[in-house]
Amino acid sequence: MIIHVKNLVKRYGDLVALDHLSLDIKEGEIFGLLGPNGSGKSTAINCILSLLNYDKGDVEIFGKKMTPDAYDLKRDIGIVMQNVAVFDELTVYENIDYFCGLYVRDRAERKRLVEEAVAFVELDQFRKFYPKKLSGGLLRRLNIACGIAHKPKLIILDEPTVAVDPQSRNKILEGIERLNAQGATIVYTSHYMEEVEQICSRIVIMDKGRIIASGTQEELKAMITLGEKITVEAFSIEEEQLHQLRELTGIVSVDHMDNRLVIKSDKGNNNLETVLEFLKSHQIGFGRIYSEMPTLNDVFLEITGKQLRD
Amino acid sequence: MPVFKLSLKIFRKNWVAVSIYIFIFLGIAIAISANSVPEKSIGFSQEKAKVALISEEKTPLTDGFQKELSKSAVLIKLPDQTEKLQDALFFRKVTYILRIPKGFTQSVLSGGSMQMKKTVVPNSVDNAYVDLSVDQYWNLARIYAKHEPGISQQQLVNQLKTNLSGSTPVTIKAHEQAKTANSFSMYYFNFLAYTLSAALIMGVSTLMVVMNKRDIKRRNFCSPLRASSINGQLILANLLFALSAWAILILFCFILDSKSFGTQNMVYFLINSLLFTGSMTSLSYLIGNLMKNLNAMSAVCNVLTLGPCFISGVFVPQEFLNDTVLKIASFTPTYWYVQANTRIAKLTQFGWPELSPIIQSMALLLAFGAAFITVSLVVGKRKNLMNE
């Protein structure tokens with residue numbers, strides 16, 4: 001195991017931020033920590049890194065107990081903080097060089113690593129820019145470069161794509177996959193389920209400091225009763241017709257709102273053809289049709305009764 | 001030493017703000033230097049009053065008197081007309097009009113009245129010398145006439161001439177004064193308090209605020225660099241900055257007034273300013289640990305430098321300041337620094353009695369430095385990253 005966390009408890013007064021959290025992260029995986037804001041993801045990361053005192057539990061990294069003085073362990077960890085942690089007084093290159101210099105003393109080696117990091121996050125043309133001149137997306141990429149320049153075995157990214165444009169977000173996600181392909185174990189926290197779905201091989205869903213579900217994407221989706229979700233642009237449909245739709249086999253729920261008809265199916269049932277036939281036979285006019293499989297948001301919704309972004 | 005190098009880069013980035021204070025200081029120092037030519041009293045010259053002598057009789061004694069008087073006064077010839085004499089006094093052509101009445105010589109020689117009529121400009125110091133010369137001549141003439149009966153007037157004139165020809169050599173022996181009292185050095189070192197405080201707060205506090213940002217601190221904490229090593233490198237960088245600022249300002253002093261570096265007083269000026277640098281570095285370190293926002297740095301710097309400088313006697317000498325103000329000022333290191341400077345400037349002897357109050361002030365500067373560091377450590381412990 002790269003990270004082994006057992007019964008971690010962290011309290012802020014009466015508030016239990018982490019409630020007996022246990023995790024096992026294996027070497028070479030991209031491990032996703034998914035949960036809404038305030039679910040305890042960052043607190044968990046801070047406790048794992050010994051940045052926060054915790055009340056109870058054990059944290060082991062690379063098979064050794066993690067403490068504030070575990071400098072040998074820290075050498076192989078790369079951290080990308082939720083808030084951008086760079087110096088406004090240094091240029092892009094100088095920032096990466098400084099953070100890399102905290103791990104690598106050899107100047108020539110450091111220069112090579114910094115150049116690689118600059119190229120990796122595609123900030124070559126911005127190397128002499130000061131952080132204040134960078135856009136949000138570029139700044140996030142700089143933050144990542146500062147965390148990974150020393151080529152760590154374990155990289156922890158705490159919500160690295162917050163307030164980032166889609167283009168930069170895709171570049172960041174592609175970069176994380178490349179880092180993993182190069183051999184790094186990744187711990188990725190986010191409240192964006194699409195990102196976690198896109199890159200993570202194993203996912204833990206957290207809420208109120210507790211793990212509410214864990215497994216691969218497929219395993220998590222298999223936990224819920226929901227199947228295919230069909231969305232149809234239907235401009236006029238009568239209440240009687242909605243009632244008839246609900247009576248069809250394998251259909252769990254039917255809702256019509258704002259000219260959108262949302263039909264949810266039972267797990268294992270594909271009702272697209274049945275729905276289309278129903279619409280034709282009842283001469284109900286319709287526009288575009290979407291069919292999607294359940295998402296992690298549906299998993300979260302079914303387990304907690306609320307949306308991930310509530 | 002990545003943190004040390006980073007600190008130097010941040011200092012360099014911040015140099016404009018620091019150099020503004022240094023350039024203003026330099027401008028003022030050069031102005032003080034240009035206006036502080038010391039006045040030296042190495043001799044004196046006798047002032048001579050302008051005297052109009054109107055003699056209503058002409059005797060050898062009155063002629064002799066005129067010659068003697070011309071040695072200590074400038075004799076101006078004026079017509080014996082009341083209006084012209086009054087005009088001459090009014091326009092200060094003369095400050096003293098002396099009238100020898102008819103029969104005056106005989107009256108003096110016979111031991112009678114010695115009354116002359118004089119008209120003078122009021123409050124003229126020079127006239128006192130004329131009075132002395134007049135009294136001296138005629139009193140002496142009377143003494144000779146009394147003790148050498150039958151002496152002719154010509155003989156008497158010769159005797160008086162011989163007698164009054166003697167002169168007394170005068171050497172000015174004022175109390176020895178310190179070469180640095182009220183000198184450029186004193187003003188420079190006093191004013192140094194303002195520039196040094198400003199430079200140190202802008203440099204050291206800024207660095208500490210940057211390094212104490214929560215995310216940066218956490219990021220550094222995640223690295224394999226020991227906390228003690230990070231702190232050690234920070235302290236080293238701060239000390240280097242403080243010493244460099246001090247050395248640059250002292251170098252300017254040397255360029256502007258190199259002569260004063262030959263005095264023993266300068267050694268104490270340097271020690272005092274070095275201790276003040278230490279004390280202000282500690283204060284700046286504390287401010288850096290307390291502050292969170294860099295935008296407020298300039299305002300804080302102005303309050304913490306100008307305030308103590310105004311009440312401690314940097315801009316206005318301490319003797320002109322109110323007792324209450326000075327009591328409040330005594331809670332700042334600047335007050336003790338200025339007080340030590342003022343005493344050092346007046347030093348002419350360097351024994352224990354003269355040095356002890358200076359050393360006391362210096363010890364207080366050290367105590368201030370230690371106190372600020374202690375408070376910084378306490379604040380640092382309370383703001384422990386792991387409890388946030």
# chains A, B, ... in the order shown; residues from 1 in each chain; ligands from 1
call {"tool": "interface_residues", "arguments": {"of": "chain B", "to": "chain A", "cutoff": "7 Å", "atoms": "only C-alpha atoms", "output": "VMD selection string"}}
result
chain B and resid 2 10 13 215 to 216 218 to 219 222 to 225 386 to 387
call {"tool": "select_by_dssp", "arguments": {"residues": "segment 67-283 of chain B", "states": "strand (DSSP E or B)", "output": "list of chain:residue names"}}
result
B:Ala73, B:Val74, B:Leu75, B:Tyr96, B:Ile97, B:Leu98, B:Arg99, B:Ile100, B:Lys117, B:Lys118, B:Thr119, B:Val120
call {"tool": "write_last_selection", "arguments": {"atoms": "all heavy atoms", "output": "mmCIF file, in the first residue's frame"}}
result
data_model
loop_
_atom_site.group_PDB
_atom_site.id
_atom_site.type_symbol
_atom_site.label_atom_id
_atom_site.label_comp_id
_atom_site.auth_asym_id
_atom_site.auth_seq_id
_atom_site.Cartn_x
_atom_site.Cartn_y
_atom_site.Cartn_z
ATOM 1 N N ALA B 73 39.742 103.691 20.268
ATOM 2 C CA ALA B 73 38.508 104.152 19.638
ATOM 3 C C ALA B 73 38.842 104.821 18.310
ATOM 4 O O ALA B 73 39.994 105.185 18.053
ATOM 5 C CB ALA B 73 37.796 105.143 20.549
ATOM 6 N N VAL B 74 37.828 104.913 17.472
ATOM 7 C CA VAL B 74 38.002 105.601 16.192
ATOM 8 C C VAL B 74 37.506 107.029 16.400
ATOM 9 O O VAL B 74 36.327 107.238 16.720
ATOM 10 C CB VAL B 74 37.185 104.908 15.079
ATOM 11 C CG1 VAL B 74 37.335 105.636 13.751
ATOM 12 C CG2 VAL B 74 37.603 103.446 14.944
ATOM 13 N N LEU B 75 38.434 107.976 16.247
ATOM 14 C CA LEU B 75 38.036 109.368 16.503
ATOM 15 C C LEU B 75 37.487 109.986 15.228
ATOM 16 O O LEU B 75 38.116 109.922 14.171
ATOM 17 C CB LEU B 75 39.234 110.168 17.012
ATOM 18 C CG LEU B 75 39.774 109.725 18.387
ATOM 19 C CD1 LEU B 75 40.988 110.572 18.779
ATOM 20 C CD2 LEU B 75 38.701 109.825 19.457
ATOM 21 N N TYR B 96 29.516 107.883 20.499
ATOM 22 C CA TYR B 96 29.963 108.485 21.765
ATOM 23 C C TYR B 96 30.475 109.905 21.464
ATOM 24 O O TYR B 96 31.345 110.077 20.610
ATOM 25 C CB TYR B 96 31.101 107.622 22.316
ATOM 26 C CG TYR B 96 31.423 107.782 23.793
ATOM 27 C CD1 TYR B 96 31.224 106.744 24.670
ATOM 28 C CD2 TYR B 96 31.985 108.971 24.284
ATOM 29 C CE1 TYR B 96 31.541 106.838 26.018
ATOM 30 C CE2 TYR B 96 32.298 109.087 25.636
ATOM 31 C CZ TYR B 96 32.069 108.020 26.498
ATOM 32 O OH TYR B 96 32.395 108.128 27.831
ATOM 33 N N ILE B 97 29.917 110.888 22.136
ATOM 34 C CA ILE B 97 30.455 112.268 21.992
ATOM 35 C C ILE B 97 30.971 112.694 23.372
ATOM 36 O O ILE B 97 30.222 112.657 24.357
ATOM 37 C CB ILE B 97 29.364 113.242 21.506
ATOM 38 C CG1 ILE B 97 28.832 112.794 20.121
ATOM 39 C CG2 ILE B 97 29.906 114.676 21.439
ATOM 40 C CD1 ILE B 97 27.620 113.560 19.653
ATOM 41 N N LEU B 98 32.235 113.019 23.392
ATOM 42 C CA LEU B 98 32.856 113.392 24.678
ATOM 43 C C LEU B 98 33.293 114.870 24.603
ATOM 44 O O LEU B 98 33.993 115.272 23.681
ATOM 45 C CB LEU B 98 34.080 112.497 24.936
ATOM 46 C CG LEU B 98 34.800 112.695 26.259
ATOM 47 C CD1 LEU B 98 33.915 112.296 27.448
ATOM 48 C CD2 LEU B 98 36.093 111.871 26.288
ATOM 49 N N ARG B 99 32.852 115.611 25.575
ATOM 50 C CA ARG B 99 33.200 117.048 25.596
ATOM 51 C C ARG B 99 34.071 117.341 26.820
ATOM 52 O O ARG B 99 33.676 117.026 27.966
ATOM 53 C CB ARG B 99 31.911 117.887 25.655
ATOM 54 C CG ARG B 99 32.138 119.396 25.636
ATOM 55 C CD ARG B 99 30.813 120.125 25.651
ATOM 56 N NE ARG B 99 30.089 119.968 24.401
ATOM 57 C CZ ARG B 99 30.298 120.713 23.318
ATOM 58 N NH1 ARG B 99 31.221 121.678 23.338
ATOM 59 N NH2 ARG B 99 29.614 120.532 22.225
ATOM 60 N N ILE B 100 35.280 117.862 26.541
ATOM 61 C CA ILE B 100 36.161 118.252 27.651
ATOM 62 C C ILE B 100 35.918 119.736 27.916
ATOM 63 O O ILE B 100 36.214 120.582 27.055
ATOM 64 C CB ILE B 100 37.647 118.011 27.306
ATOM 65 C CG1 ILE B 100 37.872 116.515 26.980
ATOM 66 C CG2 ILE B 100 38.573 118.443 28.440
ATOM 67 C CD1 ILE B 100 39.265 116.180 26.474
ATOM 68 N N LYS B 117 31.409 115.958 29.805
ATOM 69 C CA LYS B 117 30.052 115.762 29.327
ATOM 70 C C LYS B 117 30.068 114.703 28.213
ATOM 71 O O LYS B 117 30.830 114.837 27.253
ATOM 72 C CB LYS B 117 29.501 117.093 28.797
ATOM 73 C CG LYS B 117 28.013 117.089 28.604
ATOM 74 C CD LYS B 117 27.564 118.442 28.074
ATOM 75 C CE LYS B 117 26.100 118.394 27.679
ATOM 76 N NZ LYS B 117 25.703 119.616 26.994
ATOM 77 N N LYS B 118 29.269 113.712 28.379
ATOM 78 C CA LYS B 118 29.245 112.701 27.300
ATOM 79 C C LYS B 118 27.804 112.471 26.837
ATOM 80 O O LYS B 118 26.859 112.522 27.629
ATOM 81 C CB LYS B 118 29.883 111.393 27.749
ATOM 82 C CG LYS B 118 29.087 110.594 28.751
ATOM 83 C CD LYS B 118 29.718 109.211 28.956
ATOM 84 C CE LYS B 118 28.866 108.381 29.911
ATOM 85 N NZ LYS B 118 29.376 107.066 30.132
ATOM 86 N N THR B 119 27.706 112.229 25.538
ATOM 87 C CA THR B 119 26.404 111.882 24.947
ATOM 88 C C THR B 119 26.625 110.571 24.180
ATOM 89 O O THR B 119 27.531 110.499 23.337
ATOM 90 C CB THR B 119 25.947 112.981 23.970
ATOM 91 O OG1 THR B 119 26.125 114.256 24.590
ATOM 92 C CG2 THR B 119 24.482 112.795 23.589
ATOM 93 N N VAL B 120 25.805 109.574 24.510
ATOM 94 C CA VAL B 120 26.062 108.246 23.894
ATOM 95 C C VAL B 120 24.790 107.651 23.296
ATOM 96 O O VAL B 120 23.679 108.020 23.660
ATOM 97 C CB VAL B 120 26.634 107.258 24.935
ATOM 98 C CG1 VAL B 120 27.988 107.688 25.432
ATOM 99 C CG2 VAL B 120 25.662 107.043 26.088
#
call {"tool": "residues_around", "arguments": {"residues": "Glu116 of chain A", "least_positions_apart": "3", "cutoff": "12 Å", "atoms": "only C-alpha atoms", "output": "CSV table (one decimal) with C-alpha atoms, in the first residue's frame"}}
result
chain,number,residue,atom,x,y,z
A,93,TYR,CA,10.4,29.5,-13.8
A,96,ILE,CA,9.1,25.9,-10.1
A,97,ASP,CA,12.8,26.1,-9.4
A,100,CYS,CA,11.9,21.8,-6.9
A,109,GLU,CA,19.5,17.8,-12.1
A,110,ARG,CA,17.2,20.5,-10.8
A,111,LYS,CA,17.5,22.5,-14.0
A,112,ARG,CA,16.6,19.4,-16.1
A,113,LEU,CA,13.6,18.7,-13.8
A,119,ALA,CA,7.2,21.6,-20.7
A,120,PHE,CA,4.8,19.2,-19.0
A,121,VAL,CA,2.3,21.9,-18.0
A,122,GLU,CA,2.9,23.8,-21.3
A,123,LEU,CA,4.1,27.0,-19.7
A,124,ASP,CA,7.2,27.4,-21.8
A,145,ALA,CA,4.3,22.2,-11.9
A,146,CYS,CA,5.5,23.3,-8.5
A,148,ILE,CA,5.3,17.6,-9.4
A,149,ALA,CA,8.7,19.0,-10.7
A,150,HIS,CA,10.7,16.8,-8.4
A,151,LYS,CA,9.2,13.6,-9.9
call {"tool": "select_by_dssp", "arguments": {"residues": "segment 92-249 of chain B", "states": "helix (DSSP H, G or I)", "output": "ChimeraX atom specification"}}
result
/B:104-109,126-147,153-165,184-211,214-221,227-249
call {"tool": "residues_around", "arguments": {"residues": "Ser165 of chain B", "least_positions_apart": "2", "cutoff": "12 Å", "atoms": "only C-alpha atoms", "output": "short mmCIF file (atom, residue, chain, number, x, y, z; two decimals) with all heavy atoms, in the first residue's frame"}}
result
data_model
loop_
_atom_site.label_atom_id
_atom_site.label_comp_id
_atom_site.auth_asym_id
_atom_site.auth_seq_id
_atom_site.Cartn_x
_atom_site.Cartn_y
_atom_site.Cartn_z
N LYS B 67 45.53 111.21 21.84
CA LYS B 67 46.36 110.17 21.23
C LYS B 67 46.07 108.80 21.87
O LYS B 67 46.00 107.77 21.18
CB LYS B 67 47.85 110.52 21.40
CG LYS B 67 48.31 111.54 20.38
CD LYS B 67 49.79 111.85 20.58
CE LYS B 67 50.20 113.02 19.66
NZ LYS B 67 51.51 113.57 20.05
N GLU B 68 45.96 108.81 23.20
CA GLU B 68 45.70 107.54 23.89
C GLU B 68 44.34 106.97 23.50
O GLU B 68 44.20 105.78 23.26
CB GLU B 68 45.73 107.73 25.42
CG GLU B 68 47.10 107.71 26.03
CD GLU B 68 47.92 106.47 25.70
OE1 GLU B 68 47.34 105.34 25.75
OE2 GLU B 68 49.11 106.59 25.37
N LEU B 69 43.35 107.91 23.41
CA LEU B 69 41.99 107.46 23.11
C LEU B 69 41.91 106.88 21.69
O LEU B 69 41.17 105.92 21.44
CB LEU B 69 41.02 108.64 23.26
CG LEU B 69 39.52 108.28 23.17
CD1 LEU B 69 39.13 107.31 24.28
CD2 LEU B 69 38.66 109.53 23.25
N LYS B 71 43.86 105.02 20.34
CA LYS B 71 44.30 103.61 20.31
C LYS B 71 43.12 102.65 20.53
O LYS B 71 43.13 101.52 20.05
CB LYS B 71 45.37 103.36 21.39
CG LYS B 71 46.70 104.03 21.09
CD LYS B 71 47.67 103.77 22.24
CE LYS B 71 48.97 104.55 22.04
NZ LYS B 71 49.82 104.46 23.24
N SER B 72 42.15 103.09 21.33
CA SER B 72 41.05 102.18 21.64
C SER B 72 39.72 102.63 21.04
O SER B 72 38.70 102.01 21.27
CB SER B 72 40.89 102.05 23.17
OG SER B 72 40.65 103.33 23.72
N TYR B 137 42.85 107.03 31.99
CA TYR B 137 43.80 108.10 31.67
C TYR B 137 43.78 109.21 32.72
O TYR B 137 44.80 109.59 33.29
CB TYR B 137 43.49 108.66 30.27
CG TYR B 137 44.51 109.68 29.79
CD1 TYR B 137 45.64 109.27 29.09
CD2 TYR B 137 44.34 111.05 30.04
CE1 TYR B 137 46.57 110.19 28.66
CE2 TYR B 137 45.28 111.97 29.62
CZ TYR B 137 46.40 111.54 28.91
OH TYR B 137 47.32 112.46 28.50
N VAL B 157 52.44 113.56 30.55
CA VAL B 157 51.96 112.87 29.34
C VAL B 157 52.87 111.70 29.00
O VAL B 157 52.42 110.58 28.69
CB VAL B 157 51.86 113.86 28.16
CG1 VAL B 157 51.63 113.13 26.84
CG2 VAL B 157 50.75 114.87 28.38
N ASN B 158 54.22 111.98 29.11
CA ASN B 158 55.19 110.91 28.81
C ASN B 158 55.03 109.73 29.78
O ASN B 158 55.10 108.56 29.38
CB ASN B 158 56.61 111.45 28.88
CG ASN B 158 56.88 112.43 27.72
OD1 ASN B 158 56.17 112.39 26.70
ND2 ASN B 158 57.83 113.32 27.89
N GLN B 159 54.85 110.09 31.06
CA GLN B 159 54.67 109.03 32.08
C GLN B 159 53.43 108.19 31.77
O GLN B 159 53.46 106.96 31.84
CB GLN B 159 54.49 109.68 33.48
CG GLN B 159 55.76 110.19 34.12
CD GLN B 159 56.68 109.03 34.55
OE1 GLN B 159 56.31 107.87 34.54
NE2 GLN B 159 57.92 109.36 34.92
N LEU B 160 52.36 108.91 31.44
CA LEU B 160 51.10 108.20 31.17
C LEU B 160 51.23 107.30 29.94
O LEU B 160 50.74 106.18 29.91
CB LEU B 160 49.96 109.22 30.94
CG LEU B 160 49.47 109.96 32.19
CD1 LEU B 160 48.52 111.08 31.82
CD2 LEU B 160 48.79 108.99 33.14
N LYS B 161 51.97 107.85 28.94
CA LYS B 161 52.14 107.07 27.70
C LYS B 161 52.86 105.76 27.99
O LYS B 161 52.46 104.69 27.52
CB LYS B 161 52.93 107.92 26.69
CG LYS B 161 52.96 107.33 25.31
CD LYS B 161 53.77 108.22 24.39
CE LYS B 161 53.96 107.55 23.05
NZ LYS B 161 54.85 108.35 22.19
N THR B 162 53.96 105.90 28.80
CA THR B 162 54.72 104.70 29.16
C THR B 162 53.83 103.73 29.94
O THR B 162 53.82 102.52 29.70
CB THR B 162 55.95 105.08 30.03
OG1 THR B 162 56.58 106.20 29.45
CG2 THR B 162 56.91 103.93 30.19
N ASN B 163 53.11 104.31 30.87
CA ASN B 163 52.31 103.50 31.77
C ASN B 163 51.18 102.76 31.04
O ASN B 163 50.88 101.59 31.32
CB ASN B 163 51.70 104.41 32.83
CG ASN B 163 51.45 103.65 34.10
OD1 ASN B 163 50.67 102.74 34.11
ND2 ASN B 163 52.14 104.03 35.18
N SER B 167 50.57 96.02 27.31
CA SER B 167 49.38 95.27 26.89
C SER B 167 49.38 93.87 27.52
O SER B 167 50.44 93.35 27.86
CB SER B 167 49.34 95.13 25.37
OG SER B 167 50.45 94.35 24.96
N THR B 168 48.23 93.31 27.68
CA THR B 168 48.11 91.99 28.32
C THR B 168 47.75 90.95 27.26
O THR B 168 46.75 91.10 26.57
CB THR B 168 46.98 92.03 29.38
OG1 THR B 168 47.19 93.17 30.20
CG2 THR B 168 46.93 90.76 30.20
#
call {"tool": "residues_around", "arguments": {"residues": "Lys264 of chain A", "least_positions_apart": "6", "cutoff": "12 Å", "atoms": "only C-alpha atoms", "output": "count of residues only"}}
result
29
call {"tool": "residues_around", "arguments": {"residues": "Ala242 of chain B", "least_positions_apart": "4", "cutoff": "12 Å", "atoms": "only C-alpha atoms", "output": "short mmCIF file (atom, residue, chain, number, x, y, z; two decimals) with N, CA, C and O atoms, in the first residue's frame"}}
result
data_model
loop_
_atom_site.label_atom_id
_atom_site.label_comp_id
_atom_site.auth_asym_id
_atom_site.auth_seq_id
_atom_site.Cartn_x
_atom_site.Cartn_y
_atom_site.Cartn_z
N LEU B 8 16.52 36.39 -0.61
CA LEU B 8 17.29 37.43 -1.29
C LEU B 8 16.54 37.95 -2.51
O LEU B 8 16.55 39.14 -2.80
N PHE B 11 13.85 40.22 -1.30
CA PHE B 11 14.45 41.52 -0.93
C PHE B 11 14.71 42.35 -2.18
O PHE B 11 14.45 43.56 -2.22
N VAL B 18 12.28 50.10 -0.46
CA VAL B 18 13.32 50.38 0.54
C VAL B 18 14.19 51.56 0.11
O VAL B 18 14.50 52.44 0.91
N THR B 195 15.34 56.12 8.83
CA THR B 195 15.59 55.38 7.59
C THR B 195 15.81 53.91 7.85
O THR B 195 15.28 53.05 7.15
N LEU B 196 16.59 53.63 8.90
CA LEU B 196 16.89 52.22 9.22
C LEU B 196 15.61 51.48 9.61
O LEU B 196 15.36 50.36 9.14
N SER B 197 14.77 52.12 10.43
CA SER B 197 13.50 51.48 10.84
C SER B 197 12.66 51.20 9.60
O SER B 197 12.13 50.09 9.45
N ALA B 198 12.54 52.20 8.73
CA ALA B 198 11.69 52.05 7.55
C ALA B 198 12.23 50.94 6.64
O ALA B 198 11.48 50.07 6.18
N ALA B 199 13.54 50.96 6.41
CA ALA B 199 14.15 49.96 5.52
C ALA B 199 13.97 48.56 6.09
O ALA B 199 13.62 47.62 5.36
N LEU B 200 14.15 48.42 7.40
CA LEU B 200 14.06 47.09 8.01
C LEU B 200 12.62 46.57 8.00
O LEU B 200 12.38 45.40 7.71
N ILE B 201 11.67 47.46 8.30
CA ILE B 201 10.27 47.00 8.30
C ILE B 201 9.85 46.63 6.88
O ILE B 201 9.24 45.58 6.66
N MET B 202 10.23 47.48 5.91
CA MET B 202 9.84 47.18 4.53
C MET B 202 10.51 45.90 4.02
O MET B 202 9.95 45.18 3.20
N GLY B 203 11.71 45.63 4.50
CA GLY B 203 12.43 44.43 4.04
C GLY B 203 12.07 43.19 4.83
O GLY B 203 11.47 42.24 4.31
N VAL B 204 12.38 43.22 6.12
CA VAL B 204 12.22 42.02 6.97
C VAL B 204 10.75 41.65 7.12
O VAL B 204 10.36 40.48 6.95
N SER B 205 9.90 42.64 7.45
CA SER B 205 8.48 42.33 7.67
C SER B 205 7.84 41.81 6.39
O SER B 205 7.05 40.86 6.43
N ILE B 235 16.17 33.51 9.14
CA ILE B 235 16.84 34.40 10.10
C ILE B 235 18.17 34.91 9.51
O ILE B 235 18.50 36.09 9.60
N LEU B 236 18.88 33.99 8.87
CA LEU B 236 20.16 34.36 8.24
C LEU B 236 19.95 35.45 7.18
O LEU B 236 20.69 36.44 7.12
N ALA B 237 18.93 35.25 6.35
CA ALA B 237 18.64 36.24 5.29
C ALA B 237 18.26 37.58 5.90
O ALA B 237 18.71 38.64 5.44
N ASN B 238 17.44 37.54 6.95
CA ASN B 238 17.03 38.79 7.60
C ASN B 238 18.23 39.52 8.21
O ASN B 238 18.33 40.74 8.11
N TRP B 246 22.44 48.55 7.29
CA TRP B 246 23.25 49.32 8.25
C TRP B 246 24.58 49.74 7.60
O TRP B 246 24.97 50.91 7.67
N ALA B 247 25.23 48.78 6.94
CA ALA B 247 26.55 49.05 6.34
C ALA B 247 26.44 50.12 5.24
O ALA B 247 27.29 51.01 5.15
N ILE B 248 25.37 50.05 4.44
CA ILE B 248 25.20 51.03 3.36
C ILE B 248 25.04 52.43 3.95
O ILE B 248 25.66 53.40 3.51
N LEU B 249 24.21 52.53 4.98
CA LEU B 249 23.97 53.84 5.59
C LEU B 249 25.22 54.38 6.29
O LEU B 249 25.49 55.58 6.28
N SER B 273 24.31 52.33 16.84
CA SER B 273 23.45 52.14 15.65
C SER B 273 23.31 50.65 15.32
O SER B 273 22.27 50.20 14.86
N LEU B 274 24.37 49.88 15.60
CA LEU B 274 24.31 48.43 15.34
C LEU B 274 23.30 47.77 16.28
O LEU B 274 22.51 46.91 15.87
N LEU B 275 23.31 48.20 17.54
CA LEU B 275 22.36 47.65 18.51
C LEU B 275 20.93 48.06 18.14
O LEU B 275 19.99 47.27 18.27
N PHE B 276 20.80 49.28 17.67
CA PHE B 276 19.47 49.74 17.24
C PHE B 276 19.00 48.91 16.03
O PHE B 276 17.83 48.54 15.94
N THR B 277 19.93 48.61 15.14
CA THR B 277 19.60 47.76 13.98
C THR B 277 19.07 46.41 14.45
O THR B 277 18.06 45.92 13.95
N GLY B 278 19.75 45.84 15.45
CA GLY B 278 19.32 44.54 16.00
C GLY B 278 17.92 44.63 16.58
O GLY B 278 17.07 43.78 16.32
N SER B 279 17.70 45.69 17.33
CA SER B 279 16.41 45.87 17.99
C SER B 279 15.29 46.03 16.96
O SER B 279 14.21 45.44 17.08
N MET B 280 15.55 46.84 15.93
CA MET B 280 14.52 47.09 14.91
C MET B 280 14.31 45.87 14.01
O MET B 280 13.21 45.64 13.52
N THR B 281 15.37 45.06 13.83
CA THR B 281 15.21 43.82 13.06
C THR B 281 14.25 42.89 13.80
O THR B 281 13.37 42.27 13.20
N SER B 282 14.42 42.80 15.12
CA SER B 282 13.52 41.97 15.94
C SER B 282 12.09 42.48 15.84
O SER B 282 11.16 41.68 15.70
N LEU B 283 11.94 43.81 15.92
CA LEU B 283 10.59 44.39 15.82
C LEU B 283 9.97 44.08 14.45
O LEU B 283 8.80 43.70 14.36
N SER B 284 10.78 44.22 13.41
CA SER B 284 10.28 43.95 12.05
C SER B 284 9.89 42.48 11.92
O SER B 284 8.89 42.15 11.26
N TYR B 285 10.66 41.60 12.53
CA TYR B 285 10.38 40.16 12.52
C TYR B 285 9.03 39.91 13.20
O TYR B 285 8.19 39.15 12.69
#
call {"tool": "residues_around", "arguments": {"residues": "Ile328 of chain B", "least_positions_apart": "5", "cutoff": "9 Å", "atoms": "only C-alpha atoms", "output": "list of chain:residue names"}}
result
B:Ile311, B:Ser312, B:Asp323
call {"tool": "atom_distance", "arguments": {"atom1": "atom CA of Ser190 of chain A", "atom2": "atom CA of Leu34 of chain A"}}
result
5.3 Å
call {"tool": "atom_distance", "arguments": {"atom1": "atom CA of Leu276 of chain A", "atom2": "atom CA of Met257 of chain A"}}
result
18.5 Å
call {"tool": "atom_distance", "arguments": {"atom1": "atom CA of Leu256 of chain B", "atom2": "atom CA of Leu347 of chain B"}}
result
21.5 Å
call {"tool": "closest_residue", "arguments": {"among": "B:Trp15, B:Phe104, B:Tyr337, B:Phe261", "to": "Leu192 of chain B", "atoms": "only C-alpha atoms"}}
result
B:Tyr337
call {"tool": "decode", "arguments": {"residues": "segment 231-237 of chain B", "atoms": "N, CA and C atoms", "output": "tab-separated table (two decimals), in the first residue's frame"}}
result
chain	number	residue	atom	x	y	z
B	231	ASN	N	13.56	28.03	9.12
B	231	ASN	CA	13.64	29.19	10.02
B	231	ASN	C	15.05	29.76	10.08
B	232	GLY	N	16.03	28.85	10.13
B	232	GLY	CA	17.43	29.27	10.19
B	232	GLY	C	17.81	30.08	8.96
B	233	GLN	N	17.39	29.60	7.80
B	233	GLN	CA	17.72	30.31	6.55
B	233	GLN	C	17.02	31.67	6.50
B	234	LEU	N	15.80	31.71	7.02
B	234	LEU	CA	15.06	32.98	7.06
B	234	LEU	C	15.76	33.99	7.97
B	235	ILE	N	16.17	33.51	9.14
B	235	ILE	CA	16.84	34.40	10.10
B	235	ILE	C	18.17	34.91	9.51
B	236	LEU	N	18.88	33.99	8.87
B	236	LEU	CA	20.16	34.36	8.24
B	236	LEU	C	19.95	35.45	7.18
B	237	ALA	N	18.93	35.25	6.35
B	237	ALA	CA	18.64	36.24	5.29
B	237	ALA	C	18.26	37.58	5.90
